[in-house]
file target10.cif (mmCIF, C-alpha atoms)
data_data
loop_
_atom_site.group_PDB
_atom_site.id
_atom_site.type_symbol
_atom_site.label_atom_id
_atom_site.label_comp_id
_atom_site.auth_asym_id
_atom_site.auth_seq_id
_atom_site.Cartn_x
_atom_site.Cartn_y
_atom_site.Cartn_z
ATOM 1 C CA ILE A 1447 -5.521 21.030 31.670
ATOM 2 C CA LEU A 1448 -6.891 24.122 29.933
ATOM 3 C CA ALA A 1449 -6.170 22.632 26.534
ATOM 4 C CA GLN A 1450 -7.940 19.389 27.489
ATOM 5 C CA ALA A 1451 -10.961 21.371 28.685
ATOM 6 C CA ILE A 1452 -11.069 23.253 25.390
ATOM 7 C CA PHE A 1453 -10.908 19.901 23.572
ATOM 8 C CA SER A 1454 -13.933 18.621 25.483
ATOM 9 C CA ARG A 1455 -16.080 21.735 25.023
ATOM 10 C CA ALA A 1456 -15.252 21.921 21.337
ATOM 11 C CA ILE A 1457 -16.138 18.283 20.740
ATOM 12 C CA PHE A 1458 -19.483 18.594 22.512
ATOM 13 C CA ALA A 1459 -20.291 21.763 20.565
ATOM 14 C CA GLN A 1460 -19.441 20.049 17.302
ATOM 15 C CA ALA A 1461 -21.653 17.070 18.158
ATOM 16 C CA ALA A 1462 -24.565 19.303 19.122
ATOM 17 C CA ALA A 1463 -24.347 21.017 15.752
ATOM 18 C CA GLY A 1464 -24.573 17.661 13.991
ATOM 19 C CA LYS A 1465 -21.164 18.073 12.370
ATOM 20 C CA PRO A 1466 -18.532 15.340 11.885
ATOM 21 C CA LEU A 1467 -16.443 14.707 14.963
ATOM 22 C CA VAL A 1468 -12.683 14.653 14.965
ATOM 23 C CA GLU A 1469 -11.017 12.557 17.637
ATOM 24 C CA PHE A 1470 -7.755 13.605 19.228
ATOM 25 C CA PRO A 1471 -5.049 11.469 20.796
ATOM 26 C CA PRO A 1472 -5.224 11.131 24.584
ATOM 27 C CA GLY A 1473 -2.840 12.856 26.951
ATOM 28 C CA PRO A 1474 -1.524 16.402 27.128
ATOM 29 C CA PRO A 1475 -0.809 17.835 23.674
ATOM 30 C CA VAL A 1476 2.740 18.801 22.816
ATOM 31 C CA MET A 1477 1.392 22.046 21.399
ATOM 32 C CA LEU A 1478 -1.974 23.618 20.675
ATOM 33 C CA SER A 1479 -2.592 21.782 17.421
ATOM 34 C CA LEU A 1480 -3.787 23.372 14.214
ATOM 35 C CA ALA A 1481 -6.650 20.894 14.236
ATOM 36 C CA LEU A 1482 -7.952 22.362 17.498
ATOM 37 C CA THR A 1483 -7.166 25.879 16.317
ATOM 38 C CA LYS A 1484 -9.180 25.786 13.134
ATOM 39 C CA LEU A 1485 -11.567 22.834 13.025
ATOM 40 C CA PHE A 1486 -13.426 24.318 15.957
ATOM 41 C CA GLY A 1487 -13.176 27.917 14.767
ATOM 42 C CA ARG A 1488 -10.881 29.301 17.454
ATOM 43 C CA THR A 1489 -8.629 32.207 16.604
ATOM 44 C CA VAL A 1490 -4.976 32.036 17.631
ATOM 45 C CA GLU A 1491 -1.725 33.068 16.012
ATOM 46 C CA ASN A 1492 -1.611 30.266 13.413
ATOM 47 C CA GLU A 1493 -4.947 30.667 11.679
ATOM 48 C CA LEU A 1494 -4.448 28.884 8.379
ATOM 49 C CA VAL A 1495 -3.728 25.338 7.240
ATOM 50 C CA ASP A 1496 -1.616 25.237 4.089
ATOM 51 C CA THR A 1497 -1.324 21.455 3.830
ATOM 52 C CA VAL A 1498 -3.388 18.483 5.037
ATOM 53 C CA ILE A 1499 -1.802 15.017 4.914
ATOM 54 C CA PHE A 1500 -4.094 12.020 5.477
ATOM 55 C CA ILE A 1501 -1.977 9.104 6.673
ATOM 56 C CA ASP A 1502 -2.738 5.395 6.717
ATOM 57 C CA VAL A 1503 -0.280 3.062 8.466
ATOM 58 C CA ASP A 1504 -0.564 -0.560 7.331
ATOM 59 C CA GLY A 1505 0.494 -0.696 3.701
ATOM 60 C CA VAL A 1506 2.071 2.780 3.948
ATOM 61 C CA LEU A 1507 4.595 2.435 6.770
ATOM 62 C CA ASN A 1508 4.977 -1.315 6.345
ATOM 63 C CA VAL A 1509 4.393 -3.927 3.640
ATOM 64 C CA GLY A 1510 1.227 -6.031 3.905
ATOM 65 C CA ILE A 1511 0.301 -8.903 1.604
ATOM 66 C CA ARG A 1512 -3.353 -9.209 0.688
ATOM 67 C CA ASP A 1513 -4.882 -12.453 1.934
ATOM 68 C CA ARG A 1514 -8.541 -12.393 0.882
ATOM 69 C CA GLY A 1515 -10.858 -12.770 3.847
ATOM 70 C CA ASN A 1516 -8.055 -12.208 6.369
ATOM 71 C CA SER A 1517 -6.017 -9.303 7.663
ATOM 72 C CA PRO A 1518 -2.954 -8.754 5.453
ATOM 73 C CA PRO A 1519 0.064 -10.414 7.098
ATOM 74 C CA LEU A 1520 2.981 -8.014 7.426
ATOM 75 C CA LEU A 1521 6.423 -8.472 5.941
ATOM 76 C CA SER A 1522 8.025 -9.113 9.317
ATOM 77 C CA PRO A 1523 11.177 -11.163 10.018
ATOM 78 C CA THR A 1524 9.069 -13.816 11.760
ATOM 79 C CA ASN A 1525 6.663 -14.157 8.832
ATOM 80 C CA ILE A 1526 9.508 -14.214 6.320
ATOM 81 C CA ASN A 1527 11.310 -17.004 8.184
ATOM 82 C CA TYR A 1528 8.072 -18.973 8.428
ATOM 83 C CA ALA A 1529 7.403 -18.574 4.692
ATOM 84 C CA LYS A 1530 10.952 -19.641 3.782
ATOM 85 C CA CYS A 1531 10.691 -22.703 6.006
ATOM 86 C CA LYS A 1532 7.316 -23.721 4.564
ATOM 87 C CA SER A 1533 8.433 -23.119 0.979
ATOM 88 C CA GLN A 1534 11.240 -25.643 1.392
ATOM 89 C CA GLY A 1535 9.036 -28.324 2.916
ATOM 90 C CA PRO A 1536 6.474 -30.687 1.358
ATOM 91 C CA ARG A 1537 3.388 -29.205 -0.290
ATOM 92 C CA GLU A 1538 0.444 -29.086 2.103
ATOM 93 C CA ALA A 1539 -3.126 -30.044 1.328
ATOM 94 C CA ASN A 1540 -4.347 -26.606 2.415
ATOM 95 C CA GLY A 1541 -4.074 -24.738 -0.876
ATOM 96 C CA GLN A 1542 -4.927 -21.350 0.625
ATOM 97 C CA GLN A 1543 -2.138 -21.628 3.178
ATOM 98 C CA HIS A 1544 0.322 -22.615 0.484
ATOM 99 C CA ASP A 1545 -0.784 -19.667 -1.684
ATOM 100 C CA ILE A 1546 0.056 -17.149 1.036
ATOM 101 C CA VAL A 1547 3.493 -18.769 1.425
ATOM 102 C CA ASP A 1548 4.040 -18.468 -2.326
ATOM 103 C CA ARG A 1549 2.939 -14.843 -2.216
ATOM 104 C CA PHE A 1550 5.387 -14.110 0.586
ATOM 105 C CA MET A 1551 8.219 -15.611 -1.423
ATOM 106 C CA ALA A 1552 7.173 -13.594 -4.481
ATOM 107 C CA VAL A 1553 7.186 -10.368 -2.452
ATOM 108 C CA ILE A 1554 10.581 -11.129 -0.922
ATOM 109 C CA ASP A 1555 12.052 -11.604 -4.410
ATOM 110 C CA ARG A 1556 10.261 -8.676 -6.086
ATOM 111 C CA GLU A 1557 12.876 -6.267 -7.468
ATOM 112 C CA LEU A 1558 12.008 -2.597 -7.029
ATOM 113 C CA GLY A 1559 12.864 0.276 -9.308
ATOM 114 C CA HIS A 1560 13.175 4.035 -8.932
ATOM 115 C CA GLY A 1561 16.500 3.819 -7.168
ATOM 116 C CA GLU A 1562 15.597 1.329 -4.443
ATOM 117 C CA ASN A 1563 18.339 -1.121 -5.438
ATOM 118 C CA GLY A 1564 16.727 -4.070 -3.714
ATOM 119 C CA THR A 1565 13.562 -6.040 -3.072
ATOM 120 C CA TYR A 1566 10.675 -5.601 -0.648
ATOM 121 C CA SER A 1567 12.700 -7.573 1.892
ATOM 122 C CA LYS A 1568 14.582 -4.360 2.769
ATOM 123 C CA PHE A 1569 11.363 -3.021 4.310
ATOM 124 C CA THR A 1570 10.806 -5.651 6.993
ATOM 125 C CA THR A 1571 9.036 -4.359 10.094
ATOM 126 C CA ASP A 1572 10.496 -3.730 13.510
ATOM 127 C CA ALA A 1573 9.243 -6.320 16.010
ATOM 128 C CA THR A 1574 8.191 -3.712 18.583
ATOM 129 C CA THR A 1575 6.500 -1.158 16.287
ATOM 130 C CA ASP A 1576 5.269 -3.099 13.220
ATOM 131 C CA LEU A 1577 6.801 -0.285 11.155
ATOM 132 C CA SER A 1578 9.527 -0.104 8.527
ATOM 133 C CA ASP A 1579 12.079 2.415 9.726
ATOM 134 C CA ILE A 1580 12.855 3.402 6.122
ATOM 135 C CA PHE A 1581 9.207 4.215 5.421
ATOM 136 C CA THR A 1582 8.866 6.061 8.730
ATOM 137 C CA GLU A 1583 11.848 8.249 7.865
ATOM 138 C CA ARG A 1584 10.348 9.021 4.459
ATOM 139 C CA LEU A 1585 7.015 9.990 6.013
ATOM 140 C CA ALA A 1586 8.805 12.307 8.441
ATOM 141 C CA SER A 1587 10.470 13.929 5.429
ATOM 142 C CA LEU A 1588 7.082 14.491 3.764
ATOM 143 C CA ILE A 1589 5.651 15.977 6.956
ATOM 144 C CA SER A 1590 8.584 18.395 7.076
ATOM 145 C CA MET A 1591 7.874 19.374 3.456
ATOM 146 C CA GLY A 1592 4.334 20.220 4.539
ATOM 147 C CA GLY A 1593 5.657 23.183 6.498
ATOM 148 C CA GLU A 1594 4.671 24.792 9.764
ATOM 149 C CA ARG A 1595 0.980 24.913 8.854
ATOM 150 C CA CYS A 1596 0.692 21.238 7.978
ATOM 151 C CA LEU A 1597 -2.171 19.292 9.553
ATOM 152 C CA THR A 1598 -1.498 15.545 9.844
ATOM 153 C CA VAL A 1599 -4.653 13.404 9.976
ATOM 154 C CA LEU A 1600 -4.504 9.732 10.940
ATOM 155 C CA THR A 1601 -6.930 7.596 8.924
ATOM 156 C CA SER A 1602 -5.639 4.175 9.981
ATOM 157 C CA THR A 1603 -7.338 1.766 12.357
ATOM 158 C CA TRP A 1604 -4.367 2.604 14.585
ATOM 159 C CA ARG A 1605 -6.430 5.625 15.700
ATOM 160 C CA HIS A 1606 -8.898 3.335 17.504
ATOM 161 C CA LYS A 1607 -8.810 3.239 21.277
ATOM 162 C CA ASP A 1608 -7.605 -0.357 21.463
ATOM 163 C CA GLN A 1609 -4.622 0.571 19.260
ATOM 164 C CA ARG A 1610 -3.401 3.585 21.216
ATOM 165 C CA HIS A 1611 -0.230 1.775 22.330
ATOM 166 C CA ARG A 1612 0.721 1.334 18.674
ATOM 167 C CA LEU A 1613 -0.147 4.970 17.971
ATOM 168 C CA ARG A 1614 2.246 6.191 20.666
ATOM 169 C CA ARG A 1615 5.045 4.054 19.214
ATOM 170 C CA LEU A 1616 4.324 5.460 15.765
ATOM 171 C CA GLU A 1617 4.453 9.048 17.005
ATOM 172 C CA ASP A 1618 7.694 8.333 18.874
ATOM 173 C CA ALA A 1619 9.191 6.763 15.737
ATOM 174 C CA LEU A 1620 8.290 9.808 13.649
ATOM 175 C CA SER A 1621 9.753 12.154 16.252
ATOM 176 C CA LYS A 1622 13.141 10.455 15.903
ATOM 177 C CA HIS A 1623 13.253 11.375 12.210
ATOM 178 C CA LEU A 1624 11.958 14.946 12.423
ATOM 179 C CA PRO A 1625 14.368 17.895 12.576
ATOM 180 C CA GLU A 1626 15.908 18.188 16.047
ATOM 181 C CA HIS A 1627 13.782 15.148 17.040
ATOM 182 C CA ALA A 1628 10.812 17.449 17.641
ATOM 183 C CA PRO A 1629 8.000 15.753 19.614
ATOM 184 C CA PHE A 1630 5.265 14.710 17.198
ATOM 185 C CA ALA A 1631 1.565 14.051 17.624
ATOM 186 C CA PHE A 1632 -1.083 13.720 14.929
ATOM 187 C CA GLY A 1633 -3.177 16.851 14.645
ATOM 188 C CA ALA A 1634 -6.458 14.980 14.138
ATOM 189 C CA PHE A 1635 -8.170 11.674 13.380
ATOM 190 C CA THR A 1636 -10.792 10.972 10.750
ATOM 191 C CA PRO A 1637 -14.235 10.467 12.297
ATOM 192 C CA PRO A 1638 -15.211 6.995 13.500
ATOM 193 C CA GLY A 1639 -17.154 4.856 11.083
ATOM 194 C CA ASP A 1640 -17.193 1.759 8.905
ATOM 195 C CA ASP A 1641 -13.751 2.231 7.395
ATOM 196 C CA SER A 1642 -11.769 -0.662 8.814
ATOM 197 C CA SER A 1643 -11.910 -3.122 5.929
ATOM 198 C CA HIS A 1644 -12.999 -1.496 2.664
ATOM 199 C CA PRO A 1645 -11.883 1.469 0.514
ATOM 200 C CA ARG A 1646 -15.472 2.727 0.422
ATOM 201 C CA GLY A 1647 -15.477 3.500 4.127
ATOM 202 C CA ARG A 1648 -11.972 4.972 4.071
ATOM 203 C CA LEU A 1649 -12.784 7.376 1.226
ATOM 204 C CA ARG A 1650 -16.036 8.373 2.900
ATOM 205 C CA ALA A 1651 -14.245 9.035 6.208
ATOM 206 C CA ILE A 1652 -11.711 11.284 4.471
ATOM 207 C CA GLY A 1653 -14.521 13.025 2.612
ATOM 208 C CA ASP A 1654 -16.454 13.590 5.849
ATOM 209 C CA PHE A 1655 -13.370 15.126 7.429
ATOM 210 C CA LEU A 1656 -12.837 17.468 4.486
ATOM 211 C CA ALA A 1657 -16.498 18.471 4.512
ATOM 212 C CA GLY A 1658 -16.168 19.380 8.197
ATOM 213 C CA LEU A 1659 -13.193 21.714 7.764
ATOM 214 C CA SER A 1660 -13.869 25.274 8.835
ATOM 215 C CA SER A 1661 -13.894 27.757 5.959
ATOM 216 C CA LYS A 1662 -11.353 29.759 7.942
ATOM 217 C CA CYS A 1663 -8.786 27.007 7.383
ATOM 218 C CA TYR A 1664 -8.273 27.850 3.722
ATOM 219 C CA PRO A 1665 -5.453 30.282 2.981
ATOM 220 C CA PRO A 1666 -5.822 32.738 0.079
ATOM 221 C CA THR A 1667 -3.073 30.932 -1.797
ATOM 222 C CA GLY A 1668 -4.938 27.619 -1.662
ATOM 223 C CA MET A 1669 -4.629 24.384 0.312
ATOM 224 C CA ARG A 1670 -2.732 21.206 -0.562
ATOM 225 C CA ILE A 1671 -4.413 17.915 0.350
ATOM 226 C CA LEU A 1672 -2.357 14.715 0.178
ATOM 227 C CA VAL A 1673 -3.717 11.221 0.848
ATOM 228 C CA LEU A 1674 -1.256 8.397 1.598
ATOM 229 C CA ASP A 1675 -3.121 5.082 1.630
ATOM 230 C CA ASP A 1676 -2.944 1.550 0.235
ATOM 231 C CA PHE A 1677 -6.746 1.221 0.589
ATOM 232 C CA PHE A 1678 -6.448 -2.278 2.020
ATOM 233 C CA ALA A 1679 -4.165 -3.467 -0.769
ATOM 234 C CA THR A 1680 -6.889 -3.245 -3.396
ATOM 235 C CA ALA A 1681 -6.800 -2.084 -6.999
ATOM 236 C CA ALA A 1682 -8.370 1.319 -7.665
ATOM 237 C CA SER A 1683 -10.502 -0.238 -10.411
ATOM 238 C CA THR A 1684 -12.588 -1.950 -7.696
ATOM 239 C CA TRP A 1685 -13.369 1.136 -5.596
ATOM 240 C CA LEU A 1686 -16.943 2.213 -4.948
ATOM 241 C CA VAL A 1687 -18.060 5.053 -2.683
ATOM 242 C CA ASP A 1688 -21.507 6.551 -2.035
ATOM 243 C CA ASP A 1689 -22.915 4.670 -5.049
ATOM 244 C CA LEU A 1690 -20.173 6.226 -7.176
ATOM 245 C CA ASP A 1691 -18.043 3.842 -9.208
ATOM 246 C CA ALA A 1692 -14.746 5.631 -8.630
ATOM 247 C CA GLY A 1693 -12.925 3.040 -10.714
ATOM 248 C CA SER A 1694 -9.575 4.851 -10.676
ATOM 249 C CA ILE A 1695 -7.352 7.131 -8.642
ATOM 250 C CA GLU A 1696 -8.706 10.061 -10.631
ATOM 251 C CA GLY A 1697 -12.278 9.028 -9.848
ATOM 252 C CA ALA A 1698 -11.514 8.809 -6.123
ATOM 253 C CA GLU A 1699 -9.855 12.226 -6.230
ATOM 254 C CA GLU A 1700 -12.923 13.642 -7.944
ATOM 255 C CA TYR A 1701 -15.135 12.244 -5.178
ATOM 256 C CA LEU A 1702 -12.996 13.922 -2.506
ATOM 257 C CA ARG A 1703 -13.078 17.205 -4.440
ATOM 258 C CA SER A 1704 -16.861 17.002 -4.433
ATOM 259 C CA ARG A 1705 -16.789 17.067 -0.609
ATOM 260 C CA LEU A 1706 -14.861 20.369 -0.530
ATOM 261 C CA PRO A 1707 -16.271 23.906 -0.859
ATOM 262 C CA GLN A 1708 -16.319 24.744 -4.550
ATOM 263 C CA SER A 1709 -15.474 28.362 -3.782
ATOM 264 C CA LYS A 1710 -12.086 27.468 -2.290
ATOM 265 C CA ASP A 1711 -8.778 26.889 -4.041
ATOM 266 C CA PHE A 1712 -7.047 23.577 -3.366
ATOM 267 C CA ALA A 1713 -4.855 20.929 -4.938
ATOM 268 C CA LEU A 1714 -5.553 17.279 -4.092
ATOM 269 C CA LYS A 1715 -3.580 14.105 -4.726
ATOM 270 C CA ILE A 1716 -3.941 10.464 -3.717
ATOM 271 C CA VAL A 1717 -0.721 8.438 -3.556
ATOM 272 C CA HIS A 1718 -1.904 4.840 -3.704
ATOM 273 C CA THR A 1719 0.836 2.743 -2.065
ATOM 274 C CA TYR A 1720 -0.118 -0.441 -3.893
ATOM 275 C CA ASP A 1721 1.564 -2.996 -6.125
ATOM 276 C CA SER A 1722 0.289 -6.103 -7.923
ATOM 277 C CA TRP A 1723 1.601 -8.706 -10.340
ATOM 278 C CA LEU A 1724 1.284 -12.330 -11.438
ATOM 279 C CA THR A 1725 3.914 -14.895 -10.532
ATOM 280 C CA PRO A 1726 5.318 -17.184 -13.258
ATOM 281 C CA ASN A 1727 2.817 -19.794 -11.999
ATOM 282 C CA GLY A 1728 -0.093 -17.399 -12.536
ATOM 283 C CA LEU A 1729 -0.652 -16.581 -8.840
ATOM 284 C CA SER A 1730 -2.040 -13.085 -8.249
ATOM 285 C CA VAL A 1731 -0.095 -11.010 -5.700
ATOM 286 C CA GLU A 1732 -1.397 -7.735 -4.237
ATOM 287 C CA VAL A 1733 0.457 -5.770 -1.599
ATOM 288 C CA GLY A 1734 0.193 -2.623 0.410
ATOM 289 C CA ALA A 1735 3.612 -1.624 -0.835
ATOM 290 C CA GLY A 1736 4.499 1.190 1.552
ATOM 291 C CA LEU A 1737 6.373 4.407 0.795
ATOM 292 C CA THR A 1738 8.709 2.980 -1.798
ATOM 293 C CA MET A 1739 10.877 5.538 -3.589
ATOM 294 C CA GLU A 1740 8.391 5.653 -6.461
ATOM 295 C CA HIS A 1741 5.482 6.483 -4.139
ATOM 296 C CA TYR A 1742 7.618 8.836 -2.071
ATOM 297 C CA CYS A 1743 8.666 10.646 -5.241
ATOM 298 C CA HIS A 1744 5.045 11.297 -6.277
ATOM 299 C CA ALA A 1745 4.193 12.618 -2.810
ATOM 300 C CA ALA A 1746 7.327 14.753 -2.580
ATOM 301 C CA GLU A 1747 6.671 16.264 -5.999
ATOM 302 C CA PHE A 1748 3.173 17.266 -4.898
ATOM 303 C CA LEU A 1749 4.583 18.916 -1.764
ATOM 304 C CA GLY A 1750 7.250 20.777 -3.709
ATOM 305 C CA GLY A 1751 10.141 18.407 -3.133
ATOM 306 C CA GLY A 1752 12.503 16.836 -5.633
ATOM 307 C CA CYS A 1753 13.750 13.346 -6.432
ATOM 308 C CA SER A 1754 17.406 12.350 -6.548
ATOM 309 C CA PHE A 1755 16.676 9.333 -8.763
ATOM 310 C CA CYS A 1756 14.480 10.675 -11.564
ATOM 311 C CA GLY A 1757 16.016 14.161 -11.487
ATOM 312 C CA ARG A 1758 12.718 15.903 -10.864
ATOM 313 C CA PRO A 1759 13.584 19.275 -9.266
ATOM 314 C CA PRO A 1760 11.702 20.775 -6.330
ATOM 315 C CA ALA A 1761 8.655 22.771 -7.402
ATOM 316 C CA GLY A 1762 9.533 26.362 -8.139
ATOM 317 C CA SER A 1763 13.256 25.668 -8.501
ATOM 318 C CA THR A 1764 15.357 26.018 -11.635
ATOM 319 C CA GLU A 1765 17.465 23.191 -13.016
ATOM 320 C CA GLU A 1766 20.637 25.096 -12.136
ATOM 321 C CA GLU A 1767 19.550 25.486 -8.531
ATOM 322 C CA THR A 1768 18.910 21.769 -8.045
ATOM 323 C CA THR A 1769 21.781 20.244 -10.018
ATOM 324 C CA GLY A 1770 23.745 17.893 -7.818
ATOM 325 C CA LYS A 1771 21.257 18.047 -4.960
ATOM 326 C CA SER A 1772 19.223 15.167 -3.567
ATOM 327 C CA VAL A 1773 16.320 14.642 -1.184
#

call {"tool": "encode", "arguments": {"input": "target10.cif", "output": "structure tokens"}}
result
Amino acid sequence: ILAQAIFSRAIFAQAAAGKPLVEFPPGPPVMLSLALTKLFGRTVENELVDTVIFIDVDGVLNVGIRDRGNSPPLLSPTNINYAKCKSQGPREANGQQHDIVDRFMAVIDRELGHGENGTYSKFTTDATTDLSDIFTERLASLISMGGERCLTVLTSTWRHKDQRHRLRRLEDALSKHLPEHAPFAFGAFTPPGDDSSHPRGRLRAIGDFLAGLSSKCYPPTGMRILVLDDFFATAASTWLVDDLDAGSIEGAEEYLRSRLPQSKDFALKIVHTYDSWLTPNGLSVEVGAGLTMEHYCHAAEFLGGGCSFCGRPPAGSTEEETTGKSV
């Protein structure tokens, strides 16, 4: 009850000051989160945030196929069976519907590298959670790499009030893969805004959150900021934000850096969980690819982890120390 009261007072104080709001999940917190501790300037034992991980869900913890003008259908067993059935039947007059079936079949058959030894079909979603258990386990591993002072920030539309049932299932799924099945809850949400359908809004929401961080959050050794997002299964070359033509991952990272205090030390990386290709028939396929081993490897490297496939050792380790070890 006390913690909930502190939440309420802090949120009202933040709103009165005209600063970005940060929403918190409903219900009693498992622990006094670092988000509460530092974003609202309170002083408790854990004062610093070493790592911030911004986490999208669709296209990061599942595979979604871009269907222009519609929500990306997920690579679920039901959708796969439907696509296989339609692909074997007569061609329909509705070209758009047939295109999405062809895209599904292309995704199912798409061979993956970096040690995956399979196609996207291995990442089908669970019917009750809409999550790939493989991707969820990999995210839990990255969160563990973030350390005890890691702040997890949910950027997905799953943070919205009408999606709270899905949020609880996500947090439960992550808990199952954390050491000793530790109860998990996101430390914070990005502020509400127009970020539900376009990379522009998503980047701005992340930037607003970073701009609202208390200066007391930053440790002397610097802060690591990791963004895991498919940005609605769109190519980085198309991204615009605040009249800035980001045009690339590097451009988007530069925008986010511009929202941070220039006097502070930090390292920032966007892992864009996206894939695209042309089928032999010339059909364009774009997917929110999820935490494939390639994407996981980039994120783990940033957080100081290693990769069993490419042989990249954990940051700060010697080759002798990591020989024969895997993540």

call {"tool": "closest_atom_pairs", "arguments": {"input": "target10.cif", "of": "region 1492-1602 of chain A", "to": "region 1733-1743 of chain A", "cutoff": "12 Å", "atoms": "all atoms listed in the file", "output": "Markdown table"}}
result
| residue | atom | partner | partner_atom | distance |
| --- | --- | --- | --- | --- |
| A:Ile1501 | CA | A:Leu1737 | CA | 11.2 |
| A:Asp1502 | CA | A:Gly1736 | CA | 9.8 |
| A:Val1503 | CA | A:Gly1736 | CA | 8.6 |
| A:Asp1504 | CA | A:Gly1734 | CA | 7.3 |
| A:Gly1505 | CA | A:Gly1734 | CA | 3.8 |
| A:Val1506 | CA | A:Gly1736 | CA | 3.8 |
| A:Leu1507 | CA | A:Gly1736 | CA | 5.4 |
| A:Asn1508 | CA | A:Gly1736 | CA | 5.4 |
| A:Val1509 | CA | A:Ala1735 | CA | 5.1 |
| A:Gly1510 | CA | A:Gly1734 | CA | 5.0 |
| A:Ile1511 | CA | A:Val1733 | CA | 4.5 |
| A:Arg1512 | CA | A:Val1733 | CA | 5.6 |
| A:Asp1513 | CA | A:Val1733 | CA | 9.3 |
| A:Arg1514 | CA | A:Val1733 | CA | 11.4 |
| A:Ser1517 | CA | A:Gly1734 | CA | 11.7 |
| A:Pro1518 | CA | A:Val1733 | CA | 8.4 |
| A:Pro1519 | CA | A:Val1733 | CA | 9.9 |
| A:Leu1520 | CA | A:Gly1734 | CA | 9.3 |
| A:Leu1521 | CA | A:Val1733 | CA | 10.0 |
| A:Ile1546 | CA | A:Val1733 | CA | 11.7 |
| A:Arg1549 | CA | A:Val1733 | CA | 9.4 |
| A:Phe1550 | CA | A:Val1733 | CA | 9.9 |
| A:Ala1552 | CA | A:Val1733 | CA | 10.7 |
| A:Val1553 | CA | A:Val1733 | CA | 8.2 |
| A:Ile1554 | CA | A:Val1733 | CA | 11.5 |
| A:Arg1556 | CA | A:Ala1735 | CA | 11.0 |
| A:Glu1557 | CA | A:Thr1738 | CA | 11.6 |
| A:Leu1558 | CA | A:Thr1738 | CA | 8.3 |
| A:Gly1559 | CA | A:Glu1740 | CA | 7.6 |
| A:His1560 | CA | A:Glu1740 | CA | 5.6 |
| A:Gly1561 | CA | A:Met1739 | CA | 6.9 |
| A:Glu1562 | CA | A:Met1739 | CA | 6.4 |
| A:Asn1563 | CA | A:Met1739 | CA | 10.2 |
| A:Gly1564 | CA | A:Thr1738 | CA | 10.8 |
| A:Thr1565 | CA | A:Thr1738 | CA | 10.3 |
| A:Tyr1566 | CA | A:Ala1735 | CA | 8.1 |
| A:Ser1567 | CA | A:Ala1735 | CA | 11.2 |
| A:Lys1568 | CA | A:Thr1738 | CA | 10.5 |
| A:Phe1569 | CA | A:Gly1736 | CA | 8.5 |
| A:Thr1570 | CA | A:Gly1736 | CA | 10.8 |
| A:Thr1571 | CA | A:Gly1736 | CA | 11.2 |
| A:Leu1577 | CA | A:Gly1736 | CA | 10.0 |
| A:Ser1578 | CA | A:Gly1736 | CA | 8.7 |
| A:Asp1579 | CA | A:Leu1737 | CA | 10.8 |
| A:Ile1580 | CA | A:Leu1737 | CA | 8.5 |
| A:Phe1581 | CA | A:Leu1737 | CA | 5.4 |
| A:Thr1582 | CA | A:Leu1737 | CA | 8.5 |
| A:Glu1583 | CA | A:Leu1737 | CA | 9.7 |
| A:Arg1584 | CA | A:Tyr1742 | CA | 7.1 |
| A:Leu1585 | CA | A:Leu1737 | CA | 7.7 |
| A:Ala1586 | CA | A:Tyr1742 | CA | 11.1 |
| A:Ser1587 | CA | A:Tyr1742 | CA | 9.5 |
| A:Leu1588 | CA | A:Tyr1742 | CA | 8.1 |
| A:Ile1589 | CA | A:Tyr1742 | CA | 11.7 |
| A:Met1591 | CA | A:Tyr1742 | CA | 11.9 |

call {"tool": "resolve_selection", "arguments": {"input": "target10.cif", "expression": "the PyMOL selection byres ((chain A and resi 1715) around 9)", "output": "mmCIF file with C-alpha atoms, in the coordinates of the input"}}
result
data_model
loop_
_atom_site.group_PDB
_atom_site.id
_atom_site.type_symbol
_atom_site.label_atom_id
_atom_site.label_comp_id
_atom_site.auth_asym_id
_atom_site.auth_seq_id
_atom_site.Cartn_x
_atom_site.Cartn_y
_atom_site.Cartn_z
ATOM 1 C CA ARG A 1670 -2.732 21.206 -0.562
ATOM 2 C CA ILE A 1671 -4.413 17.915 0.350
ATOM 3 C CA LEU A 1672 -2.357 14.715 0.178
ATOM 4 C CA VAL A 1673 -3.717 11.221 0.848
ATOM 5 C CA LEU A 1674 -1.256 8.397 1.598
ATOM 6 C CA ILE A 1695 -7.352 7.131 -8.642
ATOM 7 C CA GLU A 1696 -8.706 10.061 -10.631
ATOM 8 C CA GLU A 1699 -9.855 12.226 -6.230
ATOM 9 C CA ALA A 1713 -4.855 20.929 -4.938
ATOM 10 C CA LEU A 1714 -5.553 17.279 -4.092
ATOM 11 C CA ILE A 1716 -3.941 10.464 -3.717
ATOM 12 C CA VAL A 1717 -0.721 8.438 -3.556
ATOM 13 C CA ALA A 1745 4.193 12.618 -2.810
ATOM 14 C CA PHE A 1748 3.173 17.266 -4.898
#

call {"tool": "resolve_selection", "arguments": {"input": "target10.cif", "expression": "the PyMOL selection byres ((chain A and resi 1600-1613) around 7)", "output": "count of residues only"}}
result
16

call {"tool": "closest_residue", "arguments": {"input": "target10.cif", "among": "A:Cys1756, A:Ala1679, A:Leu1686, A:Leu1729", "to": "Ala1698 (chain A)", "atoms": "only C-alpha atoms"}}
result
A:Leu1686

call {"tool": "residues_around", "arguments": {"input": "target10.cif", "residues": "Leu1656 (chain A)", "least_positions_apart": "6", "cutoff": "10 Å", "atoms": "all atoms listed in the file", "output": "list in words"}}
result
Pro1466, Val1498, Thr1636, Arg1650, Ile1671, Leu1702, Arg1703, Ser1704, Arg1705, Leu1706 and Pro1707 of chain A

call {"tool": "atom_distance", "arguments": {"input": "target10.cif", "atom1": "CA of Cys1753 (chain A)", "atom2": "CA of Gly1592 (chain A)"}}
result
16.0 Å
